[in-house]
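*Asks:* Pasting input14.txt here (compact mmCIF, C-alpha atoms and all ligand atoms):
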# COMPACT_ATOMS: atom_id res chain seq x y z
CA MET A 1 61.65 50.42 76.24
CA LYS A 2 59.24 48.22 78.16
CA VAL A 3 59.77 46.87 81.68
CA LEU A 4 57.60 44.21 83.29
CA VAL A 5 57.49 44.37 87.09
CA CYS A 6 56.67 40.82 88.23
CA ASP A 7 56.65 41.18 92.04
CA PRO A 8 55.57 43.86 94.55
CA ILE A 9 58.20 46.60 94.24
CA ASP A 10 58.31 49.89 96.17
CA GLU A 11 56.64 52.60 94.09
CA GLU A 12 59.68 54.87 94.24
CA GLY A 13 61.49 52.38 92.00
CA ILE A 14 58.55 52.22 89.59
CA ASN A 15 58.42 56.04 89.44
CA MET A 16 62.14 56.20 88.62
CA LEU A 17 61.53 53.99 85.59
CA LYS A 18 58.56 56.06 84.43
CA GLU A 19 60.48 59.32 84.85
CA LYS A 20 63.20 57.90 82.58
CA GLY A 21 60.54 57.29 79.90
CA PHE A 22 60.15 53.52 80.27
CA VAL A 23 56.76 51.94 79.70
CA VAL A 24 56.13 50.03 82.92
CA ASP A 25 53.64 47.20 83.32
CA TYR A 26 53.05 46.36 86.98
CA LYS A 27 51.87 42.75 87.42
CA PRO A 28 52.99 41.82 90.96
CA SER A 29 51.15 38.49 91.03
CA ILE A 30 51.82 37.31 87.47
CA THR A 31 51.88 33.51 87.11
CA ALA A 32 54.76 31.60 85.49
CA GLN A 33 52.54 30.66 82.56
CA GLU A 34 51.36 34.23 81.96
CA LEU A 35 54.94 35.49 82.22
CA LYS A 36 56.09 32.99 79.60
CA SER A 37 53.38 34.13 77.20
CA VAL A 38 54.09 37.88 77.51
CA VAL A 39 57.84 38.07 78.22
CA SER A 40 58.77 38.54 74.55
CA ASP A 41 57.13 42.03 74.65
CA TYR A 42 59.64 43.33 77.23
CA ASP A 43 63.19 44.68 77.27
CA ALA A 44 63.61 44.09 81.00
CA LEU A 45 62.10 42.27 83.97
CA LEU A 46 62.10 43.52 87.55
CA VAL A 47 61.55 40.83 90.20
CA ARG A 48 61.95 40.05 93.89
CA SER A 49 62.20 36.43 95.08
CA ARG A 50 58.71 35.18 94.14
CA THR A 51 59.14 35.13 90.37
CA LYS A 52 61.37 32.37 89.05
CA VAL A 53 63.21 33.58 85.97
CA THR A 54 63.91 30.13 84.53
CA LYS A 55 65.76 29.13 81.36
CA GLU A 56 62.34 28.69 79.72
CA ILE A 57 61.33 32.28 80.54
CA ILE A 58 64.69 33.65 79.41
CA GLU A 59 64.49 31.78 76.12
CA ALA A 60 60.96 33.05 75.55
CA GLY A 61 62.16 36.62 76.24
CA LYS A 62 63.31 37.39 72.69
CA ASN A 63 63.80 41.10 73.46
CA LEU A 64 65.15 40.78 77.02
CA LYS A 65 68.27 42.83 77.69
CA ALA A 66 68.37 43.01 81.48
CA ILE A 67 66.84 41.54 84.62
CA GLY A 68 66.73 43.39 87.94
CA ARG A 69 66.37 41.53 91.25
CA ALA A 70 65.35 43.99 93.96
CA GLY A 71 67.23 42.41 96.88
CA VAL A 72 70.14 40.09 97.64
CA GLY A 73 70.01 36.47 96.42
CA LEU A 74 70.01 35.59 92.72
CA ASP A 75 68.95 31.98 93.23
CA ASN A 76 65.58 32.60 91.49
CA ILE A 77 67.29 33.62 88.24
CA ASP A 78 68.98 31.16 85.87
CA LEU A 79 72.24 33.10 85.61
CA GLU A 80 73.81 30.74 83.11
CA ALA A 81 70.87 31.01 80.72
CA ALA A 82 70.94 34.82 81.08
CA LYS A 83 74.70 34.93 80.43
CA ALA A 84 74.35 32.70 77.38
CA LYS A 85 71.90 35.21 75.89
CA GLY A 86 73.95 38.28 76.91
CA ILE A 87 71.25 39.43 79.34
CA LYS A 88 72.60 41.55 82.19
CA VAL A 89 71.46 40.70 85.73
CA VAL A 90 71.60 43.35 88.44
CA ASN A 91 70.64 43.39 92.13
CA ALA A 92 71.27 45.39 95.31
CA PRO A 93 72.91 43.13 97.89
CA GLU A 94 73.69 46.01 100.27
CA SER A 95 70.10 47.23 100.53
CA LEU A 96 68.96 44.93 103.36
CA THR A 97 72.06 45.21 105.57
CA GLN A 98 70.82 47.77 108.11
CA SER A 99 67.46 46.02 108.57
CA VAL A 100 69.11 42.66 109.23
CA VAL A 101 71.60 44.29 111.63
CA GLU A 102 68.74 45.81 113.62
CA LEU A 103 66.87 42.49 113.73
CA VAL A 104 69.96 40.76 115.13
CA ILE A 105 70.39 43.39 117.84
CA GLY A 106 66.69 42.97 118.66
CA PHE A 107 67.19 39.21 118.93
CA MET A 108 70.17 39.66 121.27
CA ILE A 109 68.18 41.84 123.65
CA ALA A 110 65.04 39.67 123.39
CA LEU A 111 67.08 36.53 124.18
CA SER A 112 69.05 37.95 127.08
CA ARG A 113 65.91 39.48 128.69
CA TYR A 114 63.48 36.62 127.87
CA MET A 115 61.21 39.17 126.23
CA CYS A 116 59.09 36.72 124.21
CA ARG A 117 58.47 34.39 127.15
CA ALA A 118 57.73 37.33 129.46
CA ASP A 119 55.20 38.69 126.97
CA LYS A 120 53.56 35.29 126.43
CA THR A 121 53.19 34.51 130.15
CA MET A 122 51.89 38.02 130.93
CA LYS A 123 49.15 37.47 128.35
CA GLU A 124 48.36 34.16 130.06
CA GLY A 125 47.69 36.20 133.21
CA LYS A 126 50.98 35.31 134.95
CA TRP A 127 53.47 37.64 136.68
CA LEU A 128 56.76 35.69 136.65
CA LYS A 129 59.09 38.55 137.56
CA THR A 130 61.72 36.44 139.34
CA GLU A 131 61.88 33.82 136.58
CA PHE A 132 63.15 36.32 134.06
CA LEU A 133 66.43 37.38 135.63
CA GLY A 134 68.31 38.38 132.51
CA HIS A 135 71.75 39.68 131.60
CA GLU A 136 73.15 42.87 130.16
CA LEU A 137 74.93 42.73 126.82
CA LYS A 138 77.65 45.05 128.11
CA GLY A 139 80.86 43.16 128.80
CA LYS A 140 79.68 39.99 127.00
CA THR A 141 81.45 38.49 123.99
CA LEU A 142 79.81 38.44 120.57
CA GLY A 143 81.08 35.91 118.04
CA VAL A 144 80.50 36.99 114.44
CA VAL A 145 80.67 34.15 111.91
CA GLY A 146 81.07 35.80 108.50
CA PHE A 147 82.48 39.33 108.75
CA GLY A 148 80.92 40.86 105.64
CA ARG A 149 78.39 43.67 105.32
CA ILE A 150 75.91 42.41 107.95
CA GLY A 151 78.51 40.87 110.28
CA LYS A 152 80.40 44.18 110.40
CA GLY A 153 77.17 46.13 110.94
CA VAL A 154 76.21 43.97 113.92
CA ALA A 155 79.74 44.22 115.33
CA LYS A 156 79.63 48.03 115.11
CA VAL A 157 76.44 48.28 117.19
CA ALA A 158 77.62 45.59 119.62
CA GLN A 159 80.87 47.53 120.11
CA THR A 160 78.89 50.63 121.12
CA LEU A 161 76.95 48.47 123.61
CA GLY A 162 80.25 47.54 125.29
CA MET A 163 80.53 44.00 123.90
CA LYS A 164 83.80 42.29 123.00
CA ILE A 165 83.96 41.01 119.42
CA LEU A 166 85.40 37.74 118.10
CA VAL A 167 85.36 37.21 114.34
CA TYR A 168 85.54 34.10 112.20
CA ASP A 169 85.78 34.47 108.42
CA VAL A 170 87.44 32.47 105.64
CA ILE A 171 89.09 35.70 104.54
CA SER A 172 91.86 37.17 106.65
CA VAL A 173 90.57 40.51 107.95
CA ASP A 174 93.23 43.24 107.96
CA GLN A 175 94.48 44.66 111.28
CA LYS A 176 93.14 48.16 110.59
CA THR A 177 89.60 46.85 110.14
CA LEU A 178 89.85 44.64 113.23
CA MET A 179 91.06 47.63 115.27
CA GLU A 180 88.14 49.70 114.02
CA TYR A 181 85.77 47.17 115.61
CA ASP A 182 88.02 46.27 118.60
CA ALA A 183 87.70 42.77 117.18
CA LYS A 184 89.93 39.72 117.21
CA GLN A 185 89.94 37.20 114.34
CA VAL A 186 90.08 33.61 115.59
CA SER A 187 89.13 30.08 114.49
CA LEU A 188 85.49 28.94 114.37
CA GLU A 189 86.15 26.69 117.38
CA GLU A 190 87.45 29.67 119.39
CA VAL A 191 84.40 31.74 118.44
CA LEU A 192 82.10 28.91 119.56
CA LYS A 193 83.95 28.29 122.82
CA GLY A 194 84.51 31.92 123.76
CA SER A 195 81.26 33.73 122.90
CA ASP A 196 78.12 34.50 124.87
CA PHE A 197 76.25 35.29 121.64
CA ILE A 198 77.05 33.87 118.22
CA THR A 199 75.57 35.46 115.12
CA ILE A 200 75.85 33.83 111.69
CA HIS A 201 76.36 35.95 108.55
CA VAL A 202 77.93 33.67 105.96
CA PRO A 203 76.50 33.11 102.47
CA GLY A 204 74.46 29.97 101.78
CA GLY A 205 75.70 27.22 99.45
CA PRO A 206 77.71 24.00 99.62
CA GLN A 207 80.65 25.55 101.53
CA THR A 208 78.52 26.62 104.48
CA TYR A 209 75.97 23.77 104.43
CA HIS A 210 75.58 22.52 108.04
CA LEU A 211 78.58 24.60 109.11
CA ILE A 212 77.05 24.47 112.59
CA ASP A 213 76.15 20.94 113.67
CA LEU A 214 76.02 19.09 117.00
CA PRO A 215 79.80 18.78 117.57
CA LYS A 216 80.06 22.56 116.98
CA LEU A 217 77.06 23.35 119.20
CA LYS A 218 78.66 21.26 121.95
CA LEU A 219 81.63 23.63 121.94
CA MET A 220 79.37 26.53 122.97
CA LYS A 221 79.00 27.62 126.59
CA PRO A 222 75.77 26.27 128.16
CA ASN A 223 74.65 29.85 128.82
CA ALA A 224 75.33 31.07 125.27
CA PHE A 225 72.84 31.97 122.54
CA ILE A 226 73.04 31.47 118.76
CA ILE A 227 71.34 33.65 116.16
CA ASN A 228 70.88 32.80 112.48
CA THR A 229 69.65 35.36 109.95
CA SER A 230 71.79 34.05 107.05
CA ARG A 231 70.48 30.92 105.34
CA GLY A 232 68.57 28.11 107.07
CA ASN A 233 70.81 25.22 106.17
CA VAL A 234 73.95 26.84 107.59
CA ILE A 235 72.77 25.33 110.90
CA LYS A 236 71.79 21.65 110.99
CA GLU A 237 68.31 22.22 112.37
CA GLU A 238 67.75 18.81 113.98
CA ASP A 239 71.05 19.19 115.87
CA LEU A 240 70.05 22.66 117.06
CA VAL A 241 66.72 21.28 118.30
CA TYR A 242 68.64 18.57 120.21
CA ALA A 243 70.97 21.17 121.74
CA LEU A 244 68.06 23.42 122.77
CA LYS A 245 65.97 20.54 124.16
CA ASN A 246 68.86 19.19 126.19
CA LYS A 247 69.91 22.67 127.34
CA LEU A 248 73.40 22.29 125.81
CA ILE A 249 72.97 25.99 124.99
CA ALA A 250 70.71 28.65 126.51
CA GLY A 251 68.72 29.61 123.44
CA ALA A 252 68.54 30.61 119.81
CA ALA A 253 66.85 33.08 117.49
CA LEU A 254 66.17 32.11 113.89
CA ASP A 255 64.91 34.15 110.95
CA VAL A 256 65.79 31.48 108.36
CA PHE A 257 65.04 27.75 108.18
CA GLU A 258 66.10 24.62 106.33
CA VAL A 259 62.56 24.48 104.91
CA GLU A 260 60.53 27.69 104.73
CA PRO A 261 57.96 27.84 106.25
CA PRO A 262 59.50 25.44 108.82
CA THR A 263 57.92 22.01 109.27
CA ASN A 264 59.96 20.81 112.26
CA LYS A 265 57.24 20.60 114.96
CA GLU A 266 59.75 20.20 117.80
CA LEU A 267 61.50 23.41 116.82
CA LEU A 268 58.17 25.24 116.77
CA SER A 269 57.31 24.00 120.27
CA LEU A 270 60.50 24.97 122.13
CA ASP A 271 60.33 27.95 124.47
CA ASN A 272 64.05 28.78 124.37
CA VAL A 273 64.00 29.77 120.71
CA ILE A 274 62.64 32.92 119.06
CA LEU A 275 61.38 32.46 115.50
CA THR A 276 60.59 35.03 112.82
CA PRO A 277 59.38 34.30 109.25
CA HIS A 278 62.44 35.44 107.22
CA ILE A 279 61.77 39.12 107.92
CA GLY A 280 65.40 40.29 108.06
CA GLY A 281 64.95 42.55 105.04
CA GLU A 282 61.25 43.24 105.52
CA THR A 283 61.27 46.91 106.38
CA VAL A 284 59.86 49.80 104.37
CA GLU A 285 63.31 51.38 104.23
CA ALA A 286 65.14 48.25 103.04
CA GLN A 287 62.53 47.49 100.39
CA ARG A 288 62.63 51.10 99.14
CA LEU A 289 66.43 51.01 98.96
CA ALA A 290 66.34 47.62 97.20
CA ALA A 291 63.90 49.01 94.62
CA THR A 292 65.70 52.29 93.96
CA LEU A 293 69.23 50.82 93.85
CA THR A 294 68.15 47.95 91.60
CA VAL A 295 66.24 50.26 89.27
CA SER A 296 69.19 52.64 88.93
CA ARG A 297 71.41 49.66 88.05
CA LEU A 298 68.78 48.33 85.65
CA ILE A 299 68.58 51.70 83.88
CA GLU A 300 72.38 51.72 83.59
CA ALA A 301 72.41 48.11 82.29
CA LEU A 302 69.91 49.15 79.61
CA GLY A 303 72.26 51.95 78.61
CA GLN A 304 69.72 54.71 79.43
P1 LIG B 401 78.61 39.40 102.60
O1 LIG B 401 78.91 38.73 101.31
O2 LIG B 401 78.82 40.86 102.73
O3 LIG B 401 79.43 38.69 103.78
C1 LIG B 401 79.60 37.29 103.89
C2 LIG B 401 80.90 37.03 104.65
O4 LIG B 401 80.99 35.62 104.91
C3 LIG B 401 82.17 37.42 103.85
O5 LIG B 401 83.03 38.19 104.66
C4 LIG B 401 82.79 36.07 103.48
O6 LIG B 401 84.20 36.12 103.39
C5 LIG B 401 82.34 35.22 104.64
N1 LIG B 401 82.35 33.77 104.35
C6 LIG B 401 82.07 33.16 103.19
N2 LIG B 401 82.15 31.81 103.35
C7 LIG B 401 82.48 31.61 104.64
C8 LIG B 401 82.71 30.43 105.40
N3 LIG B 401 82.61 29.21 104.87
N4 LIG B 401 83.07 30.58 106.70
C9 LIG B 401 83.20 31.81 107.24
N5 LIG B 401 83.00 32.96 106.57
C10 LIG B 401 82.63 32.85 105.28
O7 LIG B 401 77.08 39.00 102.93
P2 LIG B 401 76.02 39.83 103.80
O8 LIG B 401 75.35 40.84 102.96
O9 LIG B 401 76.67 40.21 105.08
O10 LIG B 401 74.93 38.66 104.05
C11 LIG B 401 75.20 37.59 104.94
C12 LIG B 401 74.08 36.55 104.89
O11 LIG B 401 72.83 37.16 105.25
C13 LIG B 401 73.84 35.89 103.54
O12 LIG B 401 73.61 34.51 103.75
C14 LIG B 401 72.56 36.52 103.04
O13 LIG B 401 71.87 35.66 102.17
C15 LIG B 401 71.82 36.70 104.36
N6 LIG B 401 70.73 37.69 104.32
C16 LIG B 401 69.58 37.37 104.97
C17 LIG B 401 68.53 38.28 105.00
C18 LIG B 401 67.26 37.96 105.74
O14 LIG B 401 66.21 38.41 105.34
N7 LIG B 401 67.33 37.21 106.83
C19 LIG B 401 68.65 39.52 104.33
C20 LIG B 401 69.86 39.83 103.71
C21 LIG B 401 70.90 38.90 103.71
Output the file's structure in the form of structure tokens.

*Replies:*
Amino acid sequence: MKVLVCDPIDEEGINMLKEKGFVVDYKPSITAQELKSVVSDYDALLVRSRTKVTKEIIEAGKNLKAIGRAGVGLDNIDLEAAKAKGIKVVNAPESLTQSVVELVIGFMIALSRYMCRADKTMKEGKWLKTEFLGHELKGKTLGVVGFGRIGKGVAKVAQTLGMKILVYDVISVDQKTLMEYDAKQVSLEEVLKGSDFITIHVPGGPQTYHLIDLPKLKLMKPNAFIINTSRGNVIKEEDLVYALKNKLIAGAALDVFEVEPPTNKELLSLDNVILTPHIGGETVEAQRLAATLTVSRLIEALGQ
């Protein structure tokens, strides 16, 4: 069987395919046009987020039996078209969890100790020691919005740092789980009002679109921070900019944006926000796990 790898994939995943006897063509920068012209030669495609597996590609893939997406979201694959042709689609949503958890903890410490501003001003030749009087995380309250894989992972580390945990989720979390994290499940309003740090871990989509807007941000304490590593449009960005500019909240850290790369110049100029270019899952370990888990599921989907 032949597999076409369309995006950069960790070589451990590629080796697994070869060891199983698959013929693997590695074309990590293949164009949409090229893909359309060669896809009929392959039994399976392996992609990350760059390659768009559209209806057109799926229909041209006369021999396609499975598609692997090494990572979380499946928004770059036309699932309906794949289903209509009986093509299996597999991914590895759990592979990036630990890396995102660690980024969130990094954001919490960087925000509460003004690490980015301290670094920037030091490099400008300044020594602003007294301006950066920070806070410990110990004893503070963390509000987790979306208590799934990543939300739970962040809560676990925060618990060991001595933080109190408030949880908001559309699903009712059972008492045993809440006890495991010393957490309390409350309404979104209570999370916003009662937390020193709020971290967002809900899925994207119409249900969570602009879940956090100005009226919600106004509920937060003026010394609280908000962190978003989920999907950009879960927070209404222009409202967040307003809240940050007018010091309605102390600061924010964002890994995801309504438009990526972000175009909002005001957001890019604020000094009470830390920005990273959607790097939540960008670690060697997460990418290796995404590749190996997806490949093992792809092999299974192909019945090998
Ligand atoms: P998950 O599916 O394990 O957890 C999501 C949780 O959100 C679930 O408990 C669900 O019940 C809850 N939820 C759903 N709708 C909700 C709503 N309207 N209000 C409150 N809670 C709601 O997902 P996960 O693996 O923890 O991922 C969380 C988010 O992180 C996703 O948006 C994912 O796309 C994103 N993510 C980002 C990166 C990155 O690079 N920054 C990497 C991986 C995942």

*Asks:* Of the residues A:Glu237, A:Asp43, A:Glu258, A:Asp169, which is the one nearest to Val5 in chain A, using all atoms listed in the file?

*Replies:*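 That would be A:Asp43, the residue with the smallest distance to Val5 in chain A.
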
*Asks:* Go through A:Val72, A:Val273, A:Ala82, A:Ile212 one by one, measure the shortest atom-to-atom distance of each to ligand LIG 401 (chain B) using all atoms listed in the file, and give the residue with the smallest value.

*Replies:*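 Once distances to ligand LIG 401 (chain B) are computed over all atoms listed in the file, the minimum belongs to A:Val72.
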
*Asks:* Give me the residues within 10 Å of Ser187 in chain A as a PyMOL selection string, counting only C-alpha atoms and dropping any in the same chain fewer than 6 places off.

*Replies:* chain A and resi 145+166-170+193

*Asks:* Env of Lys221 in chain A: 8 Å cut, atoms = only C-alpha atoms, seq-sep filter 4 positions within chain, self excluded. Answer as a list in words.

*Replies:*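 Returned residues: Leu192, Lys193, Gly194, Ser195, Asp196, Leu248 and Ile249 of chain A.
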
*Asks:* Write out the residues from the selection above, keeping C-alpha atoms, as an mmCIF file, in the coordinates of the input.

*Replies:*
data_model
loop_
_atom_site.group_PDB
_atom_site.id
_atom_site.type_symbol
_atom_site.label_atom_id
_atom_site.label_comp_id
_atom_site.auth_asym_id
_atom_site.auth_seq_id
_atom_site.Cartn_x
_atom_site.Cartn_y
_atom_site.Cartn_z
ATOM 1 C CA LEU A 192 82.100 28.910 119.560
ATOM 2 C CA LYS A 193 83.950 28.290 122.820
ATOM 3 C CA GLY A 194 84.510 31.920 123.760
ATOM 4 C CA SER A 195 81.260 33.730 122.900
ATOM 5 C CA ASP A 196 78.120 34.500 124.870
ATOM 6 C CA LEU A 248 73.400 22.290 125.810
ATOM 7 C CA ILE A 249 72.970 25.990 124.990
#

*Asks:* Go through chain A residue by residue and, counting all atoms listed in the file, keep those with an atom at most 9 Å from ligand LIG 401 (chain B); for each kept residue give the shortest atom pair and its distance in Å to one decimal, ordered by chain and increasing number, as a Markdown table.

*Replies:*
| residue | atom | partner | partner_atom | distance |
| --- | --- | --- | --- | --- |
| A:Gly71 | CA | B:LIG401 | C20 | 7.8 |
| A:Val72 | CA | B:LIG401 | C20 | 6.1 |
| A:Gly73 | CA | B:LIG401 | O13 | 6.1 |
| A:Pro93 | CA | B:LIG401 | O8 | 6.1 |
| A:Glu94 | CA | B:LIG401 | O8 | 6.1 |
| A:Ser95 | CA | B:LIG401 | C20 | 8.1 |
| A:Leu96 | CA | B:LIG401 | C20 | 5.2 |
| A:Thr97 | CA | B:LIG401 | O8 | 6.1 |
| A:Ser99 | CA | B:LIG401 | C19 | 7.9 |
| A:Val100 | CA | B:LIG401 | C19 | 5.8 |
| A:Leu103 | CA | B:LIG401 | N7 | 8.7 |
| A:Val145 | CA | B:LIG401 | C9 | 5.8 |
| A:Gly146 | CA | B:LIG401 | O4 | 3.6 |
| A:Phe147 | CA | B:LIG401 | O5 | 4.3 |
| A:Gly148 | CA | B:LIG401 | O3 | 3.2 |
| A:Arg149 | CA | B:LIG401 | O2 | 3.8 |
| A:Ile150 | CA | B:LIG401 | O9 | 3.7 |
| A:Gly151 | CA | B:LIG401 | O9 | 5.6 |
| A:Lys152 | CA | B:LIG401 | O9 | 7.6 |
| A:Gly153 | CA | B:LIG401 | O9 | 8.3 |
| A:Tyr168 | CA | B:LIG401 | C9 | 5.9 |
| A:Asp169 | CA | B:LIG401 | N5 | 3.7 |
| A:Val170 | CA | B:LIG401 | N5 | 4.6 |
| A:Ile171 | CA | B:LIG401 | O6 | 5.0 |
| A:Ser172 | CA | B:LIG401 | O6 | 8.4 |
| A:Val173 | CA | B:LIG401 | O5 | 8.5 |
| A:Leu188 | CA | B:LIG401 | C9 | 8.0 |
| A:Ile200 | CA | B:LIG401 | C12 | 7.5 |
| A:His201 | CA | B:LIG401 | C11 | 4.1 |
| A:Val202 | CA | B:LIG401 | O4 | 3.8 |
| A:Pro203 | CA | B:LIG401 | O12 | 3.5 |
| A:Gly204 | CA | B:LIG401 | O12 | 5.0 |
| A:Gly205 | CA | B:LIG401 | O12 | 8.7 |
| A:Pro206 | CA | B:LIG401 | N3 | 8.9 |
| A:Gln207 | CA | B:LIG401 | N3 | 5.3 |
| A:Thr208 | CA | B:LIG401 | N3 | 4.9 |
| A:Tyr209 | CA | B:LIG401 | N3 | 8.6 |
| A:Leu211 | CA | B:LIG401 | N3 | 7.4 |
| A:Asn228 | CA | B:LIG401 | N7 | 8.0 |
| A:Thr229 | CA | B:LIG401 | N7 | 4.3 |
| A:Ser230 | CA | B:LIG401 | O11 | 3.7 |
| A:Arg231 | CA | B:LIG401 | O12 | 5.0 |
| A:Gly232 | CA | B:LIG401 | O12 | 8.8 |
| A:Val234 | CA | B:LIG401 | O12 | 8.6 |
| A:Leu254 | CA | B:LIG401 | N7 | 8.8 |
| A:Asp255 | CA | B:LIG401 | N7 | 5.7 |
| A:Val256 | CA | B:LIG401 | N7 | 6.1 |
| A:Pro277 | CA | B:LIG401 | N7 | 8.8 |
| A:His278 | CA | B:LIG401 | O14 | 5.2 |
| A:Ile279 | CA | B:LIG401 | O14 | 5.2 |
| A:Gly280 | CA | B:LIG401 | O14 | 3.4 |
| A:Gly281 | CA | B:LIG401 | O14 | 4.3 |
| A:Glu282 | CA | B:LIG401 | O14 | 6.9 |

*Asks:* Need to verify the contact set: range 59-62 of chain A, 9 Å, all atoms listed in the file, exclusion of same-chain residues closer than 3 positions in sequence. Can you return it as a tab-separated table (two decimals) with C-alpha atoms, in the coordinates of the input?

*Replies:*
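So the final result, stored in out.tsv, reads:
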chain	number	residue	atom	x	y	z
A	36	LYS	CA	56.09	32.99	79.60
A	37	SER	CA	53.38	34.13	77.20
A	38	VAL	CA	54.09	37.88	77.51
A	39	VAL	CA	57.84	38.07	78.22
A	40	SER	CA	58.77	38.54	74.55
A	41	ASP	CA	57.13	42.03	74.65
A	42	TYR	CA	59.64	43.33	77.23
A	43	ASP	CA	63.19	44.68	77.27
A	44	ALA	CA	63.61	44.09	81.00
A	54	THR	CA	63.91	30.13	84.53
A	55	LYS	CA	65.76	29.13	81.36
A	56	GLU	CA	62.34	28.69	79.72
A	65	LYS	CA	68.27	42.83	77.69
A	81	ALA	CA	70.87	31.01	80.72
A	82	ALA	CA	70.94	34.82	81.08
A	85	LYS	CA	71.90	35.21	75.89

*Asks:* Could you tell me how far CA of Glu285 in chain A sits from CA of Leu46 in chain A, in Å to one decimal place?

*Replies:* 18.5 Å

*Asks:* Nearest residue to Asn264 in chain A out of A:Leu240, A:Leu214, A:Val284, A:Val3, using only C-alpha atoms?

*Replies:*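 Among A:Leu240, A:Leu214, A:Val284, A:Val3, it is A:Leu240 that comes nearest to Asn264 in chain A.
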
*Asks:* Between A:Leu178, A:Leu275, A:Ile105, A:Leu302, which has the minimum distance to Ile198 in chain A (counting only C-alpha atoms)?

*Replies:* A:Ile105

*Asks:* In Å, with one decimal, what is the gap from CA of Thr199 in chain A to CA of Val90 in chain A?

*Replies:*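 If I compute the distance from CA of Thr199 in chain A to CA of Val90 in chain A, I get 28.1 Å.
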
*Asks:* Please determine, counting only C-alpha atoms, which residue among A:Glu300, A:Glu266, A:Glu260, A:Asp119 has the shortest atom-to-atom distance to Leu244 in chain A.

*Replies:* A:Glu266

*Asks:* Counting only C-alpha atoms, note down every residue that has an atom within 7 Å of the point (65.8, 41.6, 91.0) (file coordinates), as a list in words.

*Replies:*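 Protein and nucleic acid residues near the point are Leu46, Val47, Arg48, Ile67, Gly68, Arg69, Ala70, Gly71, Val90, Asn91 and Thr294 of chain A.
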
*Asks:* Kindly give the distance, in Å, that separates CA of Glu238 in chain A and CA of Leu268 in chain A, rounded to a single decimal.

*Replies:*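 These atoms are spaced 11.9 Å apart.
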
*Asks:* Give the answer as one residue: which of A:Ala92, A:Gly86, A:Leu64, A:Ser29 has the shortest atom-to-atom distance to Ala290 in chain A, using only C-alpha atoms?

*Replies:*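 The answer is A:Ala92, which sits nearest to Ala290 in chain A.
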
*Asks:* Could you list, as a list of chain:residue names, every residue within 12 Å of Thr130 in chain A, counting only C-alpha atoms and ignoring same-chain residues fewer than 2 positions away?

*Replies:* A:Arg113, A:Tyr114, A:Ala118, A:Lys126, A:Trp127, A:Leu128, A:Phe132, A:Leu133, A:Gly134

*Asks:* Select all residues near (81.2, 39.0, 126.6) (cut-off 6 Å, inclusive, file coordinates), counting all atoms listed in the file, and output them as a list in words.

*Replies:*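 The distance filter leaves exactly Gly139, Lys140, Thr141, Met163, Lys164 and Asp196 of chain A.
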